file query12.tsv (TSV, N, CA and C atoms and all ligand atoms)
chain	number	residue	atom	x	y	z
T	1	MET	N	124.20	10.17	46.44
T	1	MET	CA	124.68	9.52	45.21
T	1	MET	C	125.13	10.56	44.20
T	2	ALA	N	126.36	10.45	43.78
T	2	ALA	CA	126.88	11.38	42.79
T	2	ALA	C	126.97	10.69	41.43
T	3	HIS	N	127.07	11.49	40.41
T	3	HIS	CA	127.27	10.94	39.08
T	3	HIS	C	128.57	11.48	38.50
T	4	GLN	N	129.21	10.62	37.75
T	4	GLN	CA	130.51	10.95	37.16
T	4	GLN	C	130.44	10.69	35.66
T	5	TYR	N	130.99	11.64	34.90
T	5	TYR	CA	130.97	11.47	33.45
T	5	TYR	C	132.35	11.76	32.90
T	6	ALA	N	132.87	10.80	32.14
T	6	ALA	CA	134.17	10.97	31.50
T	6	ALA	C	133.95	11.24	30.02
T	7	CYS	N	134.57	12.31	29.53
T	7	CYS	CA	134.49	12.63	28.12
T	7	CYS	C	135.15	11.52	27.30
T	8	GLY	N	134.51	11.13	26.21
T	8	GLY	CA	135.07	10.08	25.36
T	8	GLY	C	136.16	10.58	24.44
T	9	GLU	N	136.33	11.91	24.37
T	9	GLU	CA	137.25	12.49	23.39
T	9	GLU	C	138.55	12.99	24.01
T	10	CYS	N	138.53	13.22	25.31
T	10	CYS	CA	139.72	13.75	25.98
T	10	CYS	C	139.71	13.33	27.44
T	11	GLU	N	140.57	13.94	28.23
T	11	GLU	CA	140.73	13.54	29.63
T	11	GLU	C	139.71	14.18	30.57
T	12	PHE	N	138.86	15.01	30.01
T	12	PHE	CA	137.88	15.73	30.83
T	12	PHE	C	136.98	14.77	31.61
T	13	MET	N	136.80	15.06	32.90
T	13	MET	CA	135.88	14.28	33.72
T	13	MET	C	135.20	15.21	34.70
T	14	VAL	N	133.92	14.96	34.94
T	14	VAL	CA	133.19	15.77	35.90
T	14	VAL	C	132.43	14.86	36.85
T	15	ARG	N	132.36	15.26	38.11
T	15	ARG	CA	131.59	14.49	39.08
T	15	ARG	C	130.88	15.45	40.01
T	16	SER	N	129.61	15.20	40.24
T	16	SER	CA	128.85	16.06	41.13
T	16	SER	C	127.64	15.30	41.66
T	17	GLU	N	127.18	15.72	42.81
T	17	GLU	CA	125.93	15.17	43.33
T	17	GLU	C	124.74	15.89	42.74
T	18	ASN	N	125.01	16.96	42.03
T	18	ASN	CA	123.95	17.73	41.38
T	18	ASN	C	123.86	17.29	39.91
T	19	ASP	N	122.82	16.51	39.60
T	19	ASP	CA	122.68	15.96	38.25
T	19	ASP	C	122.66	17.05	37.19
T	20	ASP	N	121.94	18.12	37.47
T	20	ASP	CA	121.84	19.21	36.49
T	20	ASP	C	123.20	19.83	36.23
T	21	GLU	N	124.02	19.88	37.27
T	21	GLU	CA	125.35	20.45	37.12
T	21	GLU	C	126.22	19.57	36.23
T	22	VAL	N	126.14	18.27	36.44
T	22	VAL	CA	126.90	17.34	35.59
T	22	VAL	C	126.50	17.51	34.13
T	23	ILE	N	125.20	17.50	33.89
T	23	ILE	CA	124.69	17.64	32.52
T	23	ILE	C	125.16	18.96	31.91
T	24	ASP	N	125.05	20.02	32.69
T	24	ASP	CA	125.43	21.35	32.22
T	24	ASP	C	126.91	21.41	31.85
T	25	LEU	N	127.74	20.90	32.74
T	25	LEU	CA	129.19	20.95	32.53
T	25	LEU	C	129.61	20.10	31.33
T	26	VAL	N	129.00	18.94	31.22
T	26	VAL	CA	129.34	18.04	30.10
T	26	VAL	C	128.92	18.67	28.78
T	27	ARG	N	127.72	19.24	28.75
T	27	ARG	CA	127.24	19.84	27.50
T	27	ARG	C	128.09	21.04	27.12
T	28	ASN	N	128.44	21.85	28.11
T	28	ASN	CA	129.31	23.00	27.83
T	28	ASN	C	130.67	22.55	27.34
T	29	HIS	N	131.22	21.53	27.97
T	29	HIS	CA	132.52	21.02	27.57
T	29	HIS	C	132.47	20.48	26.14
T	30	ALA	N	131.49	19.67	25.85
T	30	ALA	CA	131.40	19.05	24.53
T	30	ALA	C	131.30	20.11	23.44
T	31	GLU	N	130.55	21.15	23.73
T	31	GLU	CA	130.35	22.18	22.71
T	31	GLU	C	131.61	23.04	22.55
T	32	SER	N	132.19	23.46	23.68
T	32	SER	CA	133.33	24.37	23.59
T	32	SER	C	134.61	23.66	23.18
T	33	ALA	N	134.80	22.41	23.65
T	33	ALA	CA	136.05	21.71	23.39
T	33	ALA	C	136.01	20.89	22.11
T	34	HIS	N	134.83	20.38	21.77
T	34	HIS	CA	134.75	19.43	20.65
T	34	HIS	C	133.73	19.84	19.60
T	35	ASP	N	133.08	20.99	19.81
T	35	ASP	CA	132.06	21.44	18.88
T	35	ASP	C	130.99	20.36	18.66
T	36	MET	N	130.64	19.69	19.77
T	36	MET	CA	129.63	18.63	19.70
T	36	MET	C	128.41	19.02	20.52
T	37	GLN	N	127.23	18.67	20.00
T	37	GLN	CA	126.01	18.87	20.74
T	37	GLN	C	125.65	17.57	21.46
T	38	VAL	N	125.48	17.64	22.77
T	38	VAL	CA	125.15	16.45	23.55
T	38	VAL	C	123.82	16.68	24.25
T	39	ALA	N	122.90	15.75	24.08
T	39	ALA	CA	121.60	15.86	24.73
T	39	ALA	C	121.72	15.45	26.20
T	40	ALA	N	120.85	16.03	27.01
T	40	ALA	CA	120.85	15.68	28.44
T	40	ALA	C	120.68	14.17	28.62
T	41	ASP	N	119.84	13.56	27.79
T	41	ASP	CA	119.63	12.11	27.89
T	41	ASP	C	120.90	11.33	27.56
T	42	ASP	N	121.73	11.88	26.67
T	42	ASP	CA	123.00	11.21	26.34
T	42	ASP	C	123.95	11.24	27.53
T	43	VAL	N	123.92	12.34	28.26
T	43	VAL	CA	124.75	12.42	29.46
T	43	VAL	C	124.26	11.41	30.49
T	44	ARG	N	122.95	11.37	30.68
T	44	ARG	CA	122.39	10.42	31.65
T	44	ARG	C	122.71	8.97	31.27
T	45	ALA	N	122.73	8.70	29.97
T	45	ALA	CA	123.00	7.33	29.49
T	45	ALA	C	124.47	6.97	29.68
T	46	GLY	N	125.34	7.99	29.71
T	46	GLY	CA	126.76	7.70	29.72
T	46	GLY	C	127.45	7.86	31.06
T	47	TRP	N	126.77	8.41	32.05
T	47	TRP	CA	127.45	8.64	33.31
T	47	TRP	C	127.48	7.41	34.19
T	48	GLU	N	128.35	7.43	35.20
T	48	GLU	CA	128.43	6.37	36.19
T	48	GLU	C	127.95	6.90	37.53
T	49	SER	N	127.28	6.04	38.27
T	49	SER	CA	126.91	6.40	39.64
T	49	SER	C	128.08	6.08	40.57
T	50	VAL	N	128.40	7.04	41.41
T	50	VAL	CA	129.48	6.83	42.36
T	50	VAL	C	129.02	7.24	43.75
T	51	GLY	N	129.47	6.52	44.73
T	51	GLY	CA	129.10	6.84	46.10
T	51	GLY	C	129.63	8.19	46.49
T	52	ALA	N	128.82	8.99	47.15
T	52	ALA	CA	129.24	10.33	47.55
T	52	ALA	C	130.44	10.24	48.49
T	53	GLY	N	131.50	10.90	48.09
T	53	GLY	CA	132.67	10.98	48.94
T	53	GLY	C	133.52	9.73	48.99
T	54	ALA	N	133.14	8.70	48.24
T	54	ALA	CA	133.87	7.43	48.30
T	54	ALA	C	135.32	7.58	47.87
T	55	GLN	N	135.54	8.48	46.91
T	55	GLN	CA	136.88	8.66	46.37
T	55	GLN	C	137.64	9.74	47.13
T	56	ASP	N	136.98	10.41	48.00
T	56	ASP	CA	137.61	11.51	48.72
T	56	ASP	C	137.99	11.02	50.10
V	101	ZN	ZN	136.49	16.29	25.98

call {"tool": "encode", "arguments": {"input": "query12.tsv", "output": "structure tokens", "more": "lines below"}}
Ligand SMILES: [Zn+2]
result
Amino acid sequence: MAHQYACGECEFMVRSENDDEVIDLVRNHAESAHDMQVAADDVRAGWESVGAGAQD
């Protein structure tokens, strides 16, 4: 099971089966691109579950 997170401010999207990686990438993106601080729980609340490889 992978998780996918789409940034609400731009076209940025990340998907990974590694939850920590998704959280890390989203937090880094939010801070560097939008100067926003995002909590790990906010990422978990906002991501979608996607079947591994379903889109590939
Ligand atoms: Zn963004």

call {"tool": "residues_near_ligand", "arguments": {"input": "query12.tsv", "ligand": "ligand ZN 101 (chain V)", "cutoff": "6.5 Å", "atoms": "all atoms listed in the file", "output": "mmCIF file with N, CA and C atoms, in the coordinates of the input"}}
result
data_model
loop_
_atom_site.group_PDB
_atom_site.id
_atom_site.type_symbol
_atom_site.label_atom_id
_atom_site.label_comp_id
_atom_site.auth_asym_id
_atom_site.auth_seq_id
_atom_site.Cartn_x
_atom_site.Cartn_y
_atom_site.Cartn_z
ATOM 1 N N CYS T 7 134.570 12.310 29.530
ATOM 2 C CA CYS T 7 134.490 12.630 28.120
ATOM 3 C C CYS T 7 135.150 11.520 27.300
ATOM 4 N N GLY T 8 134.510 11.130 26.210
ATOM 5 C CA GLY T 8 135.070 10.080 25.360
ATOM 6 C C GLY T 8 136.160 10.580 24.440
ATOM 7 N N GLU T 9 136.330 11.910 24.370
ATOM 8 C CA GLU T 9 137.250 12.490 23.390
ATOM 9 C C GLU T 9 138.550 12.990 24.010
ATOM 10 N N CYS T 10 138.530 13.220 25.310
ATOM 11 C CA CYS T 10 139.720 13.750 25.980
ATOM 12 C C CYS T 10 139.710 13.330 27.440
ATOM 13 N N GLU T 11 140.570 13.940 28.230
ATOM 14 C CA GLU T 11 140.730 13.540 29.630
ATOM 15 C C GLU T 11 139.710 14.180 30.570
ATOM 16 N N PHE T 12 138.860 15.010 30.010
ATOM 17 C CA PHE T 12 137.880 15.730 30.830
ATOM 18 C C PHE T 12 136.980 14.770 31.610
ATOM 19 N N HIS T 29 131.220 21.530 27.970
ATOM 20 C CA HIS T 29 132.520 21.020 27.570
ATOM 21 C C HIS T 29 132.470 20.480 26.140
ATOM 22 N N ALA T 30 131.490 19.670 25.850
ATOM 23 C CA ALA T 30 131.400 19.050 24.530
ATOM 24 C C ALA T 30 131.300 20.110 23.440
ATOM 25 N N ALA T 33 134.800 22.410 23.650
ATOM 26 C CA ALA T 33 136.050 21.710 23.390
ATOM 27 C C ALA T 33 136.010 20.890 22.110
ATOM 28 N N HIS T 34 134.830 20.380 21.770
ATOM 29 C CA HIS T 34 134.750 19.430 20.650
ATOM 30 C C HIS T 34 133.730 19.840 19.600
#

call {"tool": "atom_distance", "arguments": {"input": "query12.tsv", "atom1": "CA of Met1 (chain T)", "atom2": "CA of Arg27 (chain T)"}}
result
20.7 Å

call {"tool": "closest_residue", "arguments": {"input": "query12.tsv", "among": "T:Asp42, T:Asp35, T:Glu48, T:Glu21", "to": "Ala2 (chain T)", "atoms": "only N, CA and C atoms"}}
result
T:Glu48

call {"tool": "select_by_dssp", "arguments": {"input": "query12.tsv", "residues": "chain T", "states": "strand (DSSP E or B)", "output": "list in words"}}
result
Ala2, His3, Gln4, Tyr5, Ala6, Met13, Val14, Arg15, Ser16, Glu48, Ser49 and Val50 of chain T

call {"tool": "select_by_dssp", "arguments": {"input": "query12.tsv", "residues": "chain T", "states": "helix (DSSP H, G or I)", "output": "PyMOL selection string"}}
result
chain T and resi 19-34+40-46

call {"tool": "residues_around", "arguments": {"input": "query12.tsv", "residues": "Trp47 (chain T)", "least_positions_apart": "6", "cutoff": "6.5 Å", "atoms": "all atoms listed in the file", "output": "compact mmCIF listing (two decimals) with N, CA and C atoms, in the frame of the given file"}}
result
# COMPACT_ATOMS: atom_id res chain seq x y z
N HIS T 3 127.07 11.49 40.41
CA HIS T 3 127.27 10.94 39.08
C HIS T 3 128.57 11.48 38.50
N GLN T 4 129.21 10.62 37.75
CA GLN T 4 130.51 10.95 37.16
C GLN T 4 130.44 10.69 35.66
N TYR T 5 130.99 11.64 34.90
CA TYR T 5 130.97 11.47 33.45
C TYR T 5 132.35 11.76 32.90
N ALA T 6 132.87 10.80 32.14
CA ALA T 6 134.17 10.97 31.50
C ALA T 6 133.95 11.24 30.02

call {"tool": "atom_distance", "arguments": {"input": "query12.tsv", "atom1": "atom C of Val38 (chain T)", "atom2": "atom C of Val26 (chain T)"}}
result
7.1 Å

call {"tool": "atom_distance", "arguments": {"input": "query12.tsv", "atom1": "CA of Asp41 (chain T)", "atom2": "CA of Ile23 (chain T)"}}
result
8.8 Å
